[in-house]
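A.B. asks: My structure is stored as query30.tsv, with TSV, C-alpha atoms.
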chain	number	residue	atom	x	y	z
U	1	MET	CA	3.38	73.41	28.62
U	2	LYS	CA	4.78	76.78	29.59
U	3	ILE	CA	8.53	76.77	30.27
U	4	ILE	CA	11.08	79.51	30.89
U	5	ALA	CA	14.77	79.05	30.05
U	6	TYR	CA	17.61	81.01	31.66
U	7	GLY	CA	21.27	81.42	30.77
U	8	ALA	CA	20.67	80.69	27.10
U	9	ARG	CA	23.81	80.91	25.03
U	10	ILE	CA	23.69	82.12	21.44
U	11	ASP	CA	24.46	78.63	20.17
U	12	GLU	CA	21.66	77.10	22.26
U	13	ILE	CA	18.87	79.42	21.16
U	14	PRO	CA	18.27	77.88	17.68
U	15	TYR	CA	17.98	74.42	19.26
U	16	MET	CA	15.56	75.79	21.86
U	17	GLN	CA	13.43	77.40	19.18
U	18	GLN	CA	13.51	74.21	17.13
U	19	TRP	CA	12.46	72.13	20.15
U	20	ALA	CA	9.54	74.45	20.90
U	21	LYS	CA	8.39	74.31	17.29
U	22	GLU	CA	8.62	70.52	17.16
U	23	THR	CA	6.83	69.93	20.48
U	24	GLY	CA	4.32	72.78	20.47
U	25	ASN	CA	5.32	73.86	23.98
U	26	THR	CA	5.66	77.49	24.99
U	27	LEU	CA	9.32	78.30	25.68
U	28	THR	CA	10.41	81.78	26.76
U	29	ILE	CA	14.16	82.25	26.40
U	30	HIS	CA	16.43	84.56	28.41
U	31	GLU	CA	20.19	84.95	28.13
U	32	GLU	CA	20.35	86.22	31.72
U	33	LEU	CA	21.18	83.78	34.52
U	34	LEU	CA	18.70	82.54	37.11
U	35	ASP	CA	19.32	84.44	40.32
U	36	ALA	CA	17.54	86.60	42.87
U	37	SER	CA	17.27	89.49	40.39
U	38	THR	CA	15.68	87.46	37.56
U	39	VAL	CA	13.68	84.73	39.30
U	40	ASP	CA	10.51	86.86	39.26
U	41	TRP	CA	10.36	86.36	35.48
U	42	ALA	CA	9.41	82.73	36.19
U	43	LYS	CA	6.05	83.67	37.71
U	44	GLY	CA	3.28	82.10	35.69
U	45	TYR	CA	5.43	79.33	34.20
U	46	GLU	CA	5.22	75.61	34.97
U	47	GLY	CA	8.90	74.69	34.85
U	48	VAL	CA	12.38	76.21	34.64
U	49	ASN	CA	15.32	75.27	32.43
U	50	ALA	CA	18.74	76.78	33.17
U	51	LEU	CA	22.50	76.63	32.67
U	52	GLN	CA	25.11	78.40	34.78
U	53	THR	CA	28.10	77.82	37.02
U	54	THR	CA	27.14	80.57	39.46
U	55	PRO	CA	25.03	79.54	42.49
U	56	TYR	CA	21.32	78.75	42.52
U	57	SER	CA	20.61	80.21	45.95
U	58	ALA	CA	18.06	79.41	48.62
U	59	GLU	CA	16.29	82.69	47.78
U	60	VAL	CA	15.73	81.45	44.21
U	61	PHE	CA	14.10	78.25	45.42
U	62	ALA	CA	11.92	80.09	47.92
U	63	LYS	CA	10.63	82.26	45.07
U	64	LEU	CA	10.00	79.27	42.80
U	65	HIS	CA	8.01	77.67	45.61
U	66	GLU	CA	6.03	80.89	46.02
U	67	PHE	CA	5.21	80.78	42.30
U	68	GLY	CA	4.10	77.16	42.48
U	69	ILE	CA	7.05	75.93	40.39
U	70	HIS	CA	8.34	72.52	41.44
U	71	TYR	CA	10.79	71.58	38.68
U	72	LEU	CA	14.19	72.90	37.60
U	73	ALA	CA	16.00	71.08	34.77
U	74	VAL	CA	19.61	72.13	34.30
U	75	ARG	CA	21.29	71.64	30.95
U	76	ASN	CA	24.64	70.53	32.38
U	77	VAL	CA	26.10	67.74	34.52
U	78	GLY	CA	27.38	69.50	37.63
U	79	THR	CA	25.05	70.30	40.52
U	80	ASP	CA	27.61	71.43	43.11
U	81	ASN	CA	26.43	75.04	42.61
U	82	ILE	CA	22.84	74.12	43.50
U	83	ASP	CA	21.61	74.42	47.08
U	84	LEU	CA	19.94	71.01	47.03
U	85	ALA	CA	18.80	71.32	50.64
U	86	ALA	CA	17.00	74.58	49.84
U	87	ALA	CA	15.50	73.02	46.73
U	88	ALA	CA	14.15	70.08	48.74
U	89	ALA	CA	12.86	72.37	51.48
U	90	ASN	CA	10.92	74.31	48.86
U	91	ASP	CA	9.62	71.20	47.07
U	92	VAL	CA	11.63	71.88	43.91
U	93	LYS	CA	12.91	68.79	42.10
U	94	ILE	CA	16.15	69.00	40.10
U	95	SER	CA	17.33	67.12	37.02
U	96	ASN	CA	20.60	67.32	35.13
U	97	VAL	CA	22.04	65.95	31.88
U	98	PRO	CA	24.76	63.52	32.98
U	99	ALA	CA	25.63	62.27	29.48
U	100	TYR	CA	25.01	64.89	26.81
U	101	SER	CA	28.22	63.88	25.01
U	102	PRO	CA	30.93	61.98	26.88
U	103	ALA	CA	33.06	62.08	23.73
U	104	ALA	CA	33.17	65.88	23.70
U	105	ILE	CA	34.86	66.13	27.11
U	106	ALA	CA	36.98	63.01	26.69
U	107	GLU	CA	38.33	64.20	23.34
U	108	PHE	CA	39.16	67.59	24.81
U	109	ALA	CA	41.04	65.99	27.71
U	110	VAL	CA	43.16	64.09	25.19
U	111	THR	CA	43.64	67.28	23.17
U	112	LEU	CA	45.00	69.10	26.22
U	113	THR	CA	47.23	66.13	27.00
U	114	LEU	CA	48.75	66.14	23.53
U	115	GLN	CA	49.36	69.89	23.65
U	116	VAL	CA	51.19	69.67	26.97
U	117	LEU	CA	53.18	66.55	26.08
U	118	ARG	CA	54.31	68.05	22.77
U	119	ARG	CA	55.02	71.37	24.54
U	120	VAL	CA	53.00	73.39	22.04
U	121	GLY	CA	52.61	76.34	24.41
U	122	GLU	CA	56.36	76.56	24.99
U	123	VAL	CA	57.02	76.42	21.25
U	124	ALA	CA	54.41	79.12	20.59
U	125	ALA	CA	55.89	81.39	23.28
U	126	ARG	CA	59.31	81.22	21.62
U	127	LEU	CA	57.87	81.92	18.20
U	128	GLN	CA	55.96	84.91	19.55
U	129	ALA	CA	59.27	86.17	20.93
U	130	ASP	CA	60.80	85.84	17.41
U	131	ASP	CA	63.06	83.04	18.62
U	132	TYR	CA	62.64	80.49	15.85
U	133	ASP	CA	65.76	78.55	16.80
U	134	GLY	CA	64.68	78.37	20.44
U	135	ALA	CA	61.25	77.10	19.37
U	136	THR	CA	62.86	74.02	17.82
U	137	LYS	CA	64.47	72.89	21.08
U	138	PHE	CA	61.41	71.63	23.00
U	139	ILE	CA	61.52	67.88	22.68
U	140	GLY	CA	58.15	66.29	23.33
U	141	ARG	CA	56.82	62.98	24.57
U	142	GLU	CA	54.68	60.54	22.59
U	143	LEU	CA	51.33	59.77	24.17
U	144	GLY	CA	51.66	56.14	23.16
U	145	GLN	CA	54.72	55.80	25.39
U	146	GLN	CA	53.02	57.19	28.52
U	147	THR	CA	51.14	55.65	31.40
U	148	VAL	CA	47.88	57.53	31.75
U	149	GLY	CA	45.99	57.48	35.04
U	150	VAL	CA	42.30	58.28	34.73
U	151	ILE	CA	40.59	59.23	37.99
U	152	GLY	CA	36.89	58.51	37.57
U	153	ALA	CA	35.72	55.76	35.21
U	154	GLY	CA	32.18	56.88	34.55
U	155	ARG	CA	30.81	57.58	31.08
U	156	ILE	CA	33.34	60.30	30.31
U	157	GLY	CA	36.26	58.57	31.99
U	158	ARG	CA	35.65	55.29	30.13
U	159	THR	CA	35.44	57.18	26.84
U	160	ALA	CA	38.74	58.91	27.61
U	161	ILE	CA	40.31	55.55	28.46
U	162	ARG	CA	39.35	54.15	25.06
U	163	ILE	CA	40.82	57.17	23.26
U	164	PHE	CA	44.07	57.11	25.24
U	165	GLU	CA	44.36	53.40	24.53
U	166	GLY	CA	43.82	54.14	20.86
U	167	PHE	CA	47.06	56.13	20.93
U	168	GLY	CA	48.82	53.12	22.40
U	169	ALA	CA	49.12	54.46	25.94
U	170	LYS	CA	49.04	52.19	28.95
U	171	VAL	CA	45.94	53.28	30.87
U	172	GLN	CA	45.04	52.62	34.48
U	173	ALA	CA	42.06	53.95	36.39
U	174	TYR	CA	40.91	54.68	39.91
U	175	ASP	CA	37.26	54.77	40.82
U	176	PRO	CA	35.75	54.10	44.27
U	177	TYR	CA	32.81	52.48	42.46
U	178	PRO	CA	34.47	50.60	39.57
U	179	VAL	CA	32.29	49.61	36.64
U	180	THR	CA	32.60	46.09	35.26
U	181	ASP	CA	32.45	46.34	31.49
U	182	GLN	CA	32.73	42.95	29.80
U	183	ASP	CA	33.35	44.61	26.44
U	184	HIS	CA	36.24	46.70	27.73
U	185	LEU	CA	38.46	45.57	30.56
U	186	ILE	CA	39.84	48.43	32.66
U	187	ASP	CA	42.97	48.15	34.77
U	188	TYR	CA	41.80	49.48	38.14
U	189	VAL	CA	44.43	50.46	40.72
U	190	GLY	CA	44.42	52.31	44.02
U	191	LEU	CA	44.61	56.08	44.02
U	192	ASP	CA	48.06	56.16	45.63
U	193	GLU	CA	49.45	53.78	43.02
U	194	LEU	CA	47.87	55.74	40.19
U	195	LEU	CA	49.38	59.02	41.39
U	196	ARG	CA	52.79	57.42	41.91
U	197	THR	CA	53.07	55.60	38.58
U	198	SER	CA	51.23	57.74	36.01
U	199	ASP	CA	52.87	60.13	33.55
U	200	VAL	CA	49.52	61.79	32.81
U	201	ILE	CA	46.77	62.20	35.40
U	202	ASP	CA	43.34	62.92	33.92
U	203	LEU	CA	40.38	63.86	36.14
U	204	HIS	CA	36.79	62.79	35.41
U	205	ILE	CA	35.06	62.76	38.79
U	206	PRO	CA	32.20	64.92	40.11
U	207	GLY	CA	32.83	68.05	42.15
U	208	ILE	CA	31.12	66.77	45.29
U	209	PRO	CA	32.58	67.99	48.62
U	210	ALA	CA	34.29	64.64	49.24
U	211	ASN	CA	36.35	65.16	46.08
U	212	THR	CA	37.45	68.71	46.84
U	213	HIS	CA	41.24	69.00	46.49
U	214	ILE	CA	41.70	65.33	45.69
U	215	ILE	CA	44.76	66.74	43.96
U	216	ASP	CA	46.47	68.63	46.79
U	217	SER	CA	50.09	69.23	47.77
U	218	ALA	CA	50.44	65.71	49.16
U	219	ALA	CA	49.01	64.14	46.00
U	220	ILE	CA	51.30	66.24	43.82
U	221	ALA	CA	54.32	65.33	45.96
U	222	SER	CA	53.61	61.65	45.28
U	223	MET	CA	53.54	62.13	41.50
U	224	LYS	CA	56.40	61.66	39.09
U	225	PRO	CA	58.42	64.89	38.69
U	226	ASN	CA	57.54	64.99	34.97
U	227	ALA	CA	53.84	64.27	35.44
U	228	VAL	CA	51.15	66.16	33.54
U	229	LEU	CA	47.81	67.06	35.16
U	230	ILE	CA	44.61	67.39	33.13
U	231	ASN	CA	41.33	68.72	34.55
U	232	THR	CA	38.23	68.99	32.38
U	233	ALA	CA	35.92	67.91	35.22
U	234	ARG	CA	35.32	70.38	38.08
U	235	GLY	CA	37.49	73.18	39.40
U	236	ASN	CA	37.36	72.21	43.07
U	237	LEU	CA	39.16	68.92	42.40
U	238	VAL	CA	42.54	70.66	42.27
U	239	ASP	CA	44.18	72.77	44.96
U	240	THR	CA	45.24	75.53	42.59
U	241	GLU	CA	47.79	77.08	44.93
U	242	ALA	CA	49.50	73.70	45.35
U	243	MET	CA	49.45	73.12	41.60
U	244	VAL	CA	50.88	76.54	40.82
U	245	ALA	CA	53.64	76.04	43.39
U	246	ALA	CA	54.52	72.66	41.84
U	247	LEU	CA	54.60	74.14	38.33
U	248	ARG	CA	56.69	77.05	39.55
U	249	GLU	CA	59.17	74.68	41.15
U	250	HIS	CA	59.16	72.26	38.16
U	251	ARG	CA	57.65	69.43	40.22
U	252	LEU	CA	54.97	69.12	37.53
U	253	ALA	CA	55.87	69.12	33.84
U	254	GLY	CA	52.69	70.88	32.81
U	255	ALA	CA	48.93	71.10	33.11
U	256	GLY	CA	45.83	71.37	30.98
U	257	ILE	CA	43.08	73.17	32.90
U	258	ASP	CA	39.59	73.68	31.47
U	259	THR	CA	37.83	73.95	34.84
U	260	TYR	CA	39.46	76.49	37.13
U	261	GLU	CA	38.92	76.31	40.89
U	262	HIS	CA	37.85	79.95	41.31
U	263	GLU	CA	35.89	80.38	38.10
U	264	THR	CA	32.48	80.59	39.79
U	265	ALA	CA	33.40	83.57	41.93
U	266	ASP	CA	34.98	85.37	38.98
U	267	LEU	CA	32.58	84.36	36.23
U	268	LEU	CA	30.54	87.57	36.26
U	269	THR	CA	33.71	89.66	36.14
U	270	LEU	CA	34.93	87.57	33.22
U	271	SER	CA	31.67	88.04	31.37
U	272	LYS	CA	31.67	91.80	31.85
U	273	GLU	CA	35.36	92.61	31.54
U	274	GLY	CA	36.75	89.77	29.47
U	275	ARG	CA	39.31	88.46	31.97
U	276	PHE	CA	39.77	87.15	35.50
U	277	HIS	CA	41.21	89.49	38.10
U	278	ASP	CA	42.94	86.65	39.89
U	279	PRO	CA	46.72	86.44	40.54
U	280	LEU	CA	46.71	82.63	40.34
U	281	TRP	CA	44.89	82.69	37.01
U	282	ASP	CA	47.31	85.32	35.69
U	283	GLU	CA	50.31	83.25	36.78
U	284	LEU	CA	48.94	80.11	35.13
U	285	LEU	CA	48.14	82.07	31.98
U	286	ALA	CA	51.76	83.24	31.81
U	287	MET	CA	53.18	79.70	32.09
U	288	PRO	CA	53.91	78.32	28.61
U	289	ASN	CA	53.69	74.72	29.89
U	290	VAL	CA	50.07	75.29	30.97
U	291	VAL	CA	47.07	75.23	28.64
U	292	LEU	CA	44.13	77.18	30.05
U	293	THR	CA	40.70	77.08	28.43
U	294	PRO	CA	37.43	78.69	29.62
U	295	HIS	CA	35.31	75.65	30.57
U	296	ILE	CA	34.67	74.61	26.96
U	297	ALA	CA	35.52	70.90	26.97
U	298	TYR	CA	31.83	70.08	26.48
U	299	TYR	CA	31.37	72.62	23.71
U	300	THR	CA	30.51	70.78	20.49
U	301	GLU	CA	27.48	70.94	18.22
U	302	THR	CA	26.40	67.47	19.32
U	303	ALA	CA	26.74	68.29	23.00
U	304	VAL	CA	24.85	71.60	22.80
U	305	HIS	CA	21.97	69.98	20.90
U	306	ASN	CA	21.75	67.17	23.46
U	307	MET	CA	22.00	69.52	26.47
U	308	VAL	CA	19.01	71.47	25.19
U	309	TYR	CA	16.86	68.59	23.98
U	310	PHE	CA	17.57	66.19	26.85
U	311	SER	CA	17.05	68.78	29.59
U	312	LEU	CA	13.78	70.02	28.10
U	313	GLN	CA	12.52	66.45	27.78
U	314	HIS	CA	13.41	65.90	31.44
U	315	LEU	CA	11.29	68.93	32.29
U	316	VAL	CA	8.38	67.52	30.27
U	317	ASP	CA	8.80	64.21	32.14
U	318	PHE	CA	8.67	66.08	35.44
U	319	LEU	CA	5.55	68.00	34.47
U	320	THR	CA	3.69	64.95	33.17
U	321	THR	CA	4.78	62.23	35.61
U	322	GLY	CA	6.38	64.03	38.58
U	323	THR	CA	9.78	62.42	38.01
U	324	THR	CA	12.46	61.83	35.37
U	325	SER	CA	15.33	59.42	34.85
U	326	THR	CA	18.00	61.99	35.75
U	327	GLU	CA	16.39	63.45	38.83
U	328	VAL	CA	19.14	64.57	41.22
U	329	LYS	CA	18.63	63.09	44.64
U	330	ARG	CA	20.05	64.86	47.68
U	331	THR	CA	22.65	62.68	49.45
Transcribe the structure of this file into structure tokens.

C.D. replies:
Amino acid sequence: MKIIAYGARIDEIPYMQQWAKETGNTLTIHEELLDASTVDWAKGYEGVNALQTTPYSAEVFAKLHEFGIHYLAVRNVGTDNIDLAAAAANDVKISNVPAYSPAAIAEFAVTLTLQVLRRVGEVAARLQADDYDGATKFIGRELGQQTVGVIGAGRIGRTAIRIFEGFGAKVQAYDPYPVTDQDHLIDYVGLDELLRTSDVIDLHIPGIPANTHIIDSAAIASMKPNAVLINTARGNLVDTEAMVAALREHRLAGAGIDTYEHETADLLTLSKEGRFHDPLWDELLAMPNVVLTPHIAYYTETAVHNMVYFSLQHLVDFLTTGTTSTEVKRT
């Protein structure tokens, strides 16, 4: 089979080369993203493999259709940046990798939580200002003494719940489609109750339009004044302006943000210039009670291997059978 891969990161390339050698398939690898300026490279290939947070536009799918390409396998979970209507109109089927490593993201969410609760950023800021005595004054909170509210109890959310419980925390969850797991009972509550009673609020839901700004000014107003917000899911889940205002006014104790609401629009600028030109980002970056990371919660050796291998296998499934287990259906 003849496959072209876009958006290949340096860490992914060895796994891609290894997969091609093991399977005997032809795999052409490009670090550039799949967009209107690069889609012509796909001409002559049978399937496309890609990873990016910038949009896959209608123009891209029209070109793929023109080239007789009917399958795009993305190496990540999120599909909110894919014009699924345009894909369907151009007879292009999409697959994703919904579970490349739930532990990677869940562990990172807990890591951010611990950093904020123990006020590591505030301590570091004092030390950087040569104020050793001041750095010793930030009393923290023990995770085991907190009530953690997990919004979204899918694969990643359930993994996070187990880890939080391992620290001794009381954990409650909200999910509109709760999973019954006989091996692990989850305390499901309503969203309003979760927001009102949780010390830590951890997001693990998809970035579908219905979930946009699930954490808005009203949601924040209902939280405890010392609540901590953690987002390793999708940027659109949090109304960033409302969050920044709450942090500024000390109505939130802190936040751990790995997925930033405006990262897609600024991603190319970040790649070229090394920083966001975004006042909200700059304000968050300056807050010592906020931990910002550049969408790396997933980024482990295990996850990268699985993203590459699983997505390429999905593409092989598409090309041999016309479908795959993780085909993304338009809703």

A.B. asks: Excluding range 49-55 of chain U and any residue of its chain fewer than 5 positions from it, enumerate the residues within 6 Å of it, using only C-alpha atoms, and give them as a PyMOL selection string.

C.D. replies: chain U and resi 5-7+72-75+81-82+264

A.B. asks: Report the distance between CA of Phe310 in chain U and CA of Tyr15 in chain U in Å, rounded to one decimal place.

C.D. replies: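 Straight-line distance from CA of Phe310 in chain U to CA of Tyr15 in chain U works out to 11.2 Å.
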
A.B. asks: Could you give me, as a ChimeraX atom specification, the residues within 8 Å of range 296-304 of chain U, counting all atoms listed in the file and dropping anything in the same chain fewer than 6 positions from it?

C.D. replies: /U:11-12,100-101,104-105,108-109,232,258

A.B. asks: Between CA of Asp199 in chain U and CA of Met223 in chain U, what is the distance in Å, rounded to a tenth?

C.D. replies: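 According to the coordinates, CA of Asp199 in chain U and CA of Met223 in chain U are separated by 8.2 Å.
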
A.B. asks: Between CA of His250 in chain U and CA of Gln115 in chain U, what is the distance in Å, rounded to a tenth?

C.D. replies: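 Interatomic distance here is 17.7 Å.
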
A.B. asks: I need the residue nearest Asp83 in chain U from this list: U:Leu27, U:Ala58, U:Lys63, U:Thr240. Use only C-alpha atoms for the distance.

C.D. replies: U:Ala58

A.B. asks: Got a sec: who's within 12 Å of Pro279 in chain U, counting only C-alpha atoms, leaving out chain neighbours fewer than 5 positions off, as an MDAnalysis selection string?

C.D. replies: chainID U and resid 240:241 244 262 266 284:286
